[in-house]
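What follows is run-v3.csv (CSV, C-alpha atoms).
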```csv
chain,number,residue,atom,x,y,z
A,197,MET,CA,2.7,-1.5,25.5
A,198,GLU,CA,6.2,-0.4,26.6
A,199,PRO,CA,7.0,3.3,25.9
A,200,GLU,CA,10.5,2.5,24.7
A,201,ILE,CA,9.1,0.0,22.2
A,202,ILE,CA,6.7,2.6,20.8
A,203,ASN,CA,9.5,5.2,20.6
A,204,THR,CA,11.8,2.7,18.8
A,205,LEU,CA,9.1,1.7,16.3
A,206,GLN,CA,8.1,5.2,15.6
A,207,GLN,CA,11.6,6.3,15.0
A,208,THR,CA,12.3,3.3,12.8
A,209,TYR,CA,9.3,4.0,10.6
A,210,LYS,CA,10.1,7.7,10.5
A,211,THR,CA,13.6,7.0,9.2
A,212,ILE,CA,12.2,4.5,6.6
A,213,ASP,CA,9.5,6.9,5.4
A,214,GLU,CA,12.0,9.7,5.0
A,215,SER,CA,14.7,7.7,3.3
A,216,GLY,CA,13.5,8.2,-0.3
A,217,ASP,CA,15.3,5.1,-1.6
A,218,PRO,CA,13.6,1.7,-1.8
A,219,GLU,CA,17.0,0.0,-1.5
A,220,ILE,CA,17.7,1.7,1.8
A,221,VAL,CA,14.3,0.7,3.0
A,222,VAL,CA,15.0,-2.9,2.1
A,223,ALA,CA,18.4,-2.7,3.9
A,224,MET,CA,16.8,-1.3,7.0
A,225,TYR,CA,14.2,-4.1,7.1
A,226,GLY,CA,17.1,-6.5,6.7
A,227,ASP,CA,18.8,-5.1,9.8
A,228,ILE,CA,15.7,-6.0,11.9
A,229,SER,CA,14.7,-9.2,10.2
A,230,THR,CA,15.8,-11.6,12.8
A,231,ASN,CA,13.8,-10.0,15.6
A,232,TYR,CA,11.1,-8.3,13.5
A,233,ASP,CA,8.3,-10.6,14.7
A,234,GLU,CA,9.1,-9.9,18.3
A,235,ILE,CA,9.4,-6.1,17.7
A,236,MET,CA,6.1,-6.0,15.9
A,237,SER,CA,4.3,-8.1,18.5
A,238,LYS,CA,5.4,-5.7,21.2
A,239,GLY,CA,4.0,-2.9,19.1
A,240,GLY,CA,0.6,-4.5,19.2
A,241,TYR,CA,0.7,-5.4,15.5
A,242,ARG,CA,-2.7,-7.0,14.8
A,243,ALA,CA,-2.8,-6.6,11.0
A,244,PRO,CA,-1.7,-10.1,9.9
A,245,ALA,CA,-4.4,-11.8,12.1
A,246,ILE,CA,-6.9,-9.3,10.9
A,247,ALA,CA,-6.0,-9.9,7.2
A,248,ALA,CA,-6.3,-13.7,7.7
A,249,GLU,CA,-9.7,-13.2,9.2
A,250,VAL,CA,-10.9,-10.9,6.4
A,251,VAL,CA,-9.8,-13.4,3.8
A,252,SER,CA,-11.2,-16.5,5.6
A,253,ILE,CA,-14.6,-14.9,5.9
A,254,ARG,CA,-14.8,-14.7,2.1
A,255,VAL,CA,-13.6,-18.3,1.4
A,256,PRO,CA,-15.6,-21.3,2.6
A,257,GLU,CA,-13.5,-23.6,4.7
A,258,ASN,CA,-13.7,-26.5,2.3
A,259,GLN,CA,-12.2,-24.4,-0.5
A,260,ARG,CA,-9.2,-22.9,1.3
A,261,LYS,CA,-6.7,-25.5,0.3
A,262,GLU,CA,-7.4,-24.9,-3.4
A,263,VAL,CA,-7.5,-21.1,-3.3
A,264,ARG,CA,-4.3,-19.5,-4.6
A,265,VAL,CA,-3.1,-16.6,-2.4
A,266,LEU,CA,-0.3,-14.1,-3.0
A,267,ASP,CA,1.2,-12.4,0.1
A,268,VAL,CA,2.6,-9.0,-1.1
A,269,ALA,CA,5.6,-7.6,0.8
A,270,ALA,CA,5.4,-10.7,2.9
A,271,GLY,CA,8.2,-9.7,5.3
A,272,THR,CA,9.0,-12.6,7.6
A,273,GLY,CA,5.7,-14.4,6.7
A,274,LEU,CA,3.4,-13.2,9.5
A,275,VAL,CA,0.4,-13.1,7.2
A,276,GLY,CA,1.2,-16.5,5.8
A,277,LYS,CA,1.4,-17.9,9.3
A,278,GLU,CA,-2.0,-16.6,10.1
A,279,LEU,CA,-3.5,-17.8,6.9
A,280,THR,CA,-2.3,-21.4,7.5
A,281,LYS,CA,-4.1,-21.3,10.8
A,282,LYS,CA,-7.3,-20.7,8.8
A,283,GLY,CA,-6.6,-23.7,6.5
A,284,PHE,CA,-5.0,-22.0,3.5
A,285,THR,CA,-2.1,-24.0,2.1
A,286,ASN,CA,-1.5,-22.6,-1.4
A,287,ILE,CA,0.3,-19.4,-0.6
A,288,ASP,CA,3.0,-17.6,-2.5
A,289,ALA,CA,5.1,-14.6,-1.4
A,290,VAL,CA,6.7,-11.6,-3.0
A,291,GLU,CA,9.3,-9.8,-0.9
A,292,PRO,CA,12.3,-7.7,-2.0
A,293,SER,CA,14.5,-8.1,1.1
A,294,ASP,CA,17.1,-10.9,1.0
A,295,SER,CA,17.1,-11.1,4.8
A,296,MET,CA,13.3,-11.3,5.0
A,297,MET,CA,13.3,-13.8,2.2
A,298,LYS,CA,15.5,-16.1,4.2
A,299,GLN,CA,12.9,-16.0,7.0
A,300,ILE,CA,10.1,-16.7,4.5
A,301,LYS,CA,11.9,-19.7,3.1
A,302,SER,CA,12.7,-21.1,6.6
A,303,SER,CA,9.0,-20.9,7.6
A,304,GLY,CA,8.0,-23.6,5.1
A,305,ILE,CA,4.7,-21.9,4.5
A,306,TYR,CA,5.0,-20.6,1.0
A,307,THR,CA,5.0,-22.5,-2.3
A,308,LEU,CA,6.5,-20.0,-4.7
A,309,MET,CA,8.7,-17.1,-3.5
A,310,PHE,CA,9.5,-14.0,-5.7
A,311,GLN,CA,12.3,-11.7,-4.5
A,312,GLU,CA,11.5,-8.5,-6.3
A,313,PHE,CA,9.9,-5.1,-6.1
A,314,LEU,CA,6.5,-4.1,-7.3
A,315,GLY,CA,5.6,-1.1,-9.4
A,316,LEU,CA,8.8,-1.1,-11.5
A,317,GLY,CA,7.5,-3.1,-14.5
A,318,GLN,CA,10.0,-5.9,-13.9
A,319,ASN,CA,7.9,-8.6,-12.2
A,320,THR,CA,8.2,-12.3,-13.0
A,321,ILE,CA,4.9,-13.1,-11.2
A,322,PRO,CA,2.4,-14.5,-13.7
A,323,LYS,CA,-0.6,-12.4,-14.5
A,324,GLY,CA,-4.2,-13.5,-13.8
A,325,THR,CA,-3.0,-16.3,-11.4
A,326,TYR,CA,-4.3,-15.6,-7.9
A,327,ASP,CA,-7.7,-15.9,-6.4
A,328,ILE,CA,-6.7,-13.5,-3.6
A,329,VAL,CA,-3.8,-11.0,-3.4
A,330,VAL,CA,-3.3,-9.5,0.1
A,331,SER,CA,-1.0,-6.7,1.2
A,332,VAL,CA,-0.5,-5.7,4.8
A,333,GLY,CA,1.2,-2.4,5.8
A,334,ALA,CA,3.1,-2.0,2.5
A,335,ILE,CA,1.1,0.9,1.0
A,336,ARG,CA,3.1,3.8,2.5
A,337,GLU,CA,5.9,6.2,1.7
A,338,ASN,CA,9.0,4.6,0.1
A,339,HIS,CA,7.4,1.1,0.2
A,340,ILE,CA,5.2,-0.1,-2.6
A,341,PRO,CA,4.6,2.7,-5.1
A,342,LEU,CA,1.1,3.4,-6.3
A,343,SER,CA,1.9,1.6,-9.6
A,344,GLY,CA,2.4,-1.5,-7.4
A,345,ILE,CA,-1.3,-1.5,-6.8
A,346,ASP,CA,-1.8,-1.8,-10.5
A,347,ASP,CA,0.5,-4.8,-10.5
A,348,MET,CA,-1.6,-6.5,-7.8
A,349,ILE,CA,-4.7,-6.2,-10.1
A,350,HIS,CA,-2.7,-7.8,-12.9
A,351,PHE,CA,-1.7,-10.8,-10.7
A,352,THR,CA,-5.3,-11.4,-9.7
A,353,LYS,CA,-7.8,-13.6,-11.6
A,354,THR,CA,-10.9,-11.9,-13.0
A,355,GLY,CA,-13.4,-12.1,-10.2
A,356,GLY,CA,-10.6,-12.5,-7.6
A,357,LEU,CA,-10.0,-10.2,-4.6
A,358,VAL,CA,-7.4,-7.7,-3.6
A,359,VAL,CA,-7.2,-7.1,0.1
A,360,LEU,CA,-5.2,-4.1,1.3
A,361,LEU,CA,-4.5,-3.2,4.9
A,362,MET,CA,-2.8,0.1,5.8
A,363,ASN,CA,-2.5,2.5,8.7
A,364,ASN,CA,-5.2,5.2,8.9
A,365,PHE,CA,-3.1,7.8,10.8
A,366,ASP,CA,-0.6,8.8,8.1
A,367,VAL,CA,-3.4,10.5,6.2
A,368,GLY,CA,-1.2,11.8,3.3
A,369,PRO,CA,0.0,8.4,2.0
A,370,LYS,CA,-3.4,6.9,2.8
A,371,ASN,CA,-5.3,9.6,0.9
A,372,LYS,CA,-2.9,9.3,-2.1
A,373,ALA,CA,-3.5,5.5,-2.2
A,374,GLU,CA,-7.2,5.8,-1.9
A,375,SER,CA,-7.3,8.4,-4.7
A,376,HIS,CA,-5.3,6.1,-6.9
A,377,MET,CA,-7.6,3.2,-6.1
A,378,ASN,CA,-10.6,5.2,-7.0
A,379,GLN,CA,-9.0,6.1,-10.3
A,380,LEU,CA,-8.5,2.4,-11.0
A,381,GLU,CA,-12.1,1.8,-10.2
A,382,GLU,CA,-13.2,4.5,-12.6
A,383,LYS,CA,-11.2,2.8,-15.3
A,384,GLY,CA,-13.2,-0.4,-14.7
A,385,LEU,CA,-10.3,-2.5,-13.5
A,386,TRP,CA,-11.9,-3.4,-10.2
A,387,CYS,CA,-14.8,-2.4,-7.9
A,388,LYS,CA,-14.6,-1.7,-4.2
A,389,GLU,CA,-16.6,-4.2,-2.1
A,390,SER,CA,-15.9,-2.7,1.3
A,391,SER,CA,-13.7,-0.6,3.5
A,392,GLU,CA,-13.5,-0.7,7.2
A,393,ILE,CA,-11.7,1.2,10.0
A,394,LEU,CA,-9.7,-1.1,12.3
A,395,SER,CA,-9.1,-0.2,15.9
A,396,ASN,CA,-5.8,-1.0,17.6
A,397,TYR,CA,-4.2,-1.8,14.3
A,398,PHE,CA,-0.6,-0.9,15.3
A,399,LEU,CA,0.9,1.1,18.1
A,400,GLY,CA,-2.6,1.5,19.5
A,401,LYS,CA,-3.7,3.5,16.4
A,402,GLU,CA,-6.3,2.9,13.7
A,403,GLY,CA,-5.8,1.0,10.5
A,404,ILE,CA,-8.1,0.5,7.5
A,405,VAL,CA,-8.8,-2.4,5.2
A,406,PHE,CA,-10.0,-2.1,1.6
A,407,ILE,CA,-11.4,-5.0,-0.4
A,408,TYR,CA,-11.7,-4.9,-4.1
A,409,ARG,CA,-13.1,-7.3,-6.7
A,410,VAL,CA,-11.0,-7.5,-9.9
A,411,LEU,CA,-13.1,-7.1,-13.1
```

Output the structure of this file as C-alpha cells.
Amino acid sequence: MEPEIINTLQQTYKTIDESGDPEIVVAMYGDISTNYDEIMSKGGYRAPAIAAEVVSIRVPENQRKEVRVLDVAAGTGLVGKELTKKGFTNIDAVEPSDSMMKQIKSSGIYTLMFQEFLGLGQNTIPKGTYDIVVSVGAIRENHIPLSGIDDMIHFTKTGGLVVLLMNNFDVGPKNKAESHMNQLEEKGLWCKESSEILSNYFLGKEGIVFIYRVL
C-alpha cells in the first residue's frame, strides 16, 4: 500500500470526521465520487466484499434472487456490486450524496434508490420491507447518527437481519455505537447474533462486523 495513498485517505477522513456538518460531509464525498472506487481500492478497502460474504453465508443460494436487501449509505455501489456477484438481484440503496447517487444509478445494480439522510425522521423508505439491511463504514462521526441505527431496524422485516460493518480503530465512535445497539437490544427491538473482528479491514487496520436479528 503506497504511503501517499494512506496519508491522503487518513487526512480526508480526519477532515470529514471533524467537519461537524452532514452537508459538508456529503459535499466532500461528492468531490471524490468519480475516483472513489480507485482510491478505496488502493487503501485496501475489503469491507464491501466482506459484507457480501457475511450476507451470502446466511442466505441459501436458491433464495438470493427473492431476498430484498437495502444498502445503507451505498456510496458508489461497491457493496451492491459484491452482492450481485453472490447472486443477489433485489437490492435497493439509500445515499444522500447527489454525486454518489449518479454513480449508483449508472451501475444498473439497484432497483429503488432513495437520496436521503438517515436519523432525521424524514425517510420515505417503507418500514418492515427488507429481509436484510446492510451498512458498511457509515457508523462513524458526522456520518449516520445513532438514531439512524433505529431507522435501519424500522426498515427491516421482523426476523430480518441488520448487518453493520465499521472500523475498530476509532474506539470512541465504535463504543458509542455499540452502547446504543446494546440499548436497542435491551428494549427488545433486536438481538445480537454475532460480532467478529475483521483483519485488514481498511488501511491495514481492523474492522468489526455486527449481525442483529430484528424482533

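Using only C-alpha atoms, the shortest contact distance between A:Asn371 and any of A:Val290, A:Met297, A:Leu342, A:Leu266 is found at A:Leu342.
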
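Going from atom CA of A:Glu392 over to atom CA of A:Asp233, you cover 25.1 Å.
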
So how far away is atom CA of A:Leu360 from atom CA of A:Phe310, in Å?
19.1 Å

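Put simply, atom CA of A:Lys277 is 25.3 Å away from atom CA of A:Pro341.
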
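Nearest-residue note for A:Leu380: choosing from A:Ile300, A:Ile345, A:Val329, A:Ile253, the minimum distance belongs to A:Ile345, counting all atoms listed in the file.
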
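Counting only C-alpha atoms, the residue from A:Ile305, A:Gly355, A:Asp327, A:Pro244 that sits nearest to A:Val405 is A:Pro244.
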
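Proximity to A:Asn364 was assessed for A:Ile404, A:Val330, A:Ile349, A:Leu385 counting all atoms listed in the file; the smallest distance is recorded for A:Ile404.
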
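Comparing A:Lys370, A:Leu279, A:Gly304, A:Ala269 by their smallest distance to A:Ile340, the closest is A:Ala269 (using only C-alpha atoms).
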
Near-A:Arg409 list (8 Å; only C-alpha atoms; drop same-chain fewer than 5 positions) as a VMD selection string:
chain A and resid 355 to 358 386 to 389

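For A:Gly283, the residues within 8 Å (counting only C-alpha atoms, excluding itself and residues fewer than 4 positions away along the chain) are Glu257, Arg260, Lys261 and Leu279 of chain A.
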
Which one is closest to A:Phe313: A:Thr325, A:Ser375, A:Asn231, A:Ser293? Count all atoms listed in the file.
A:Ser293

Just want the 8 Å neighbourhood of A:Ser343, counted on all atoms listed in the file, with same-chain residues fewer than 5 positions away dropped. Output as a list in words.
Leu314, Gly315 and Leu316 of chain A
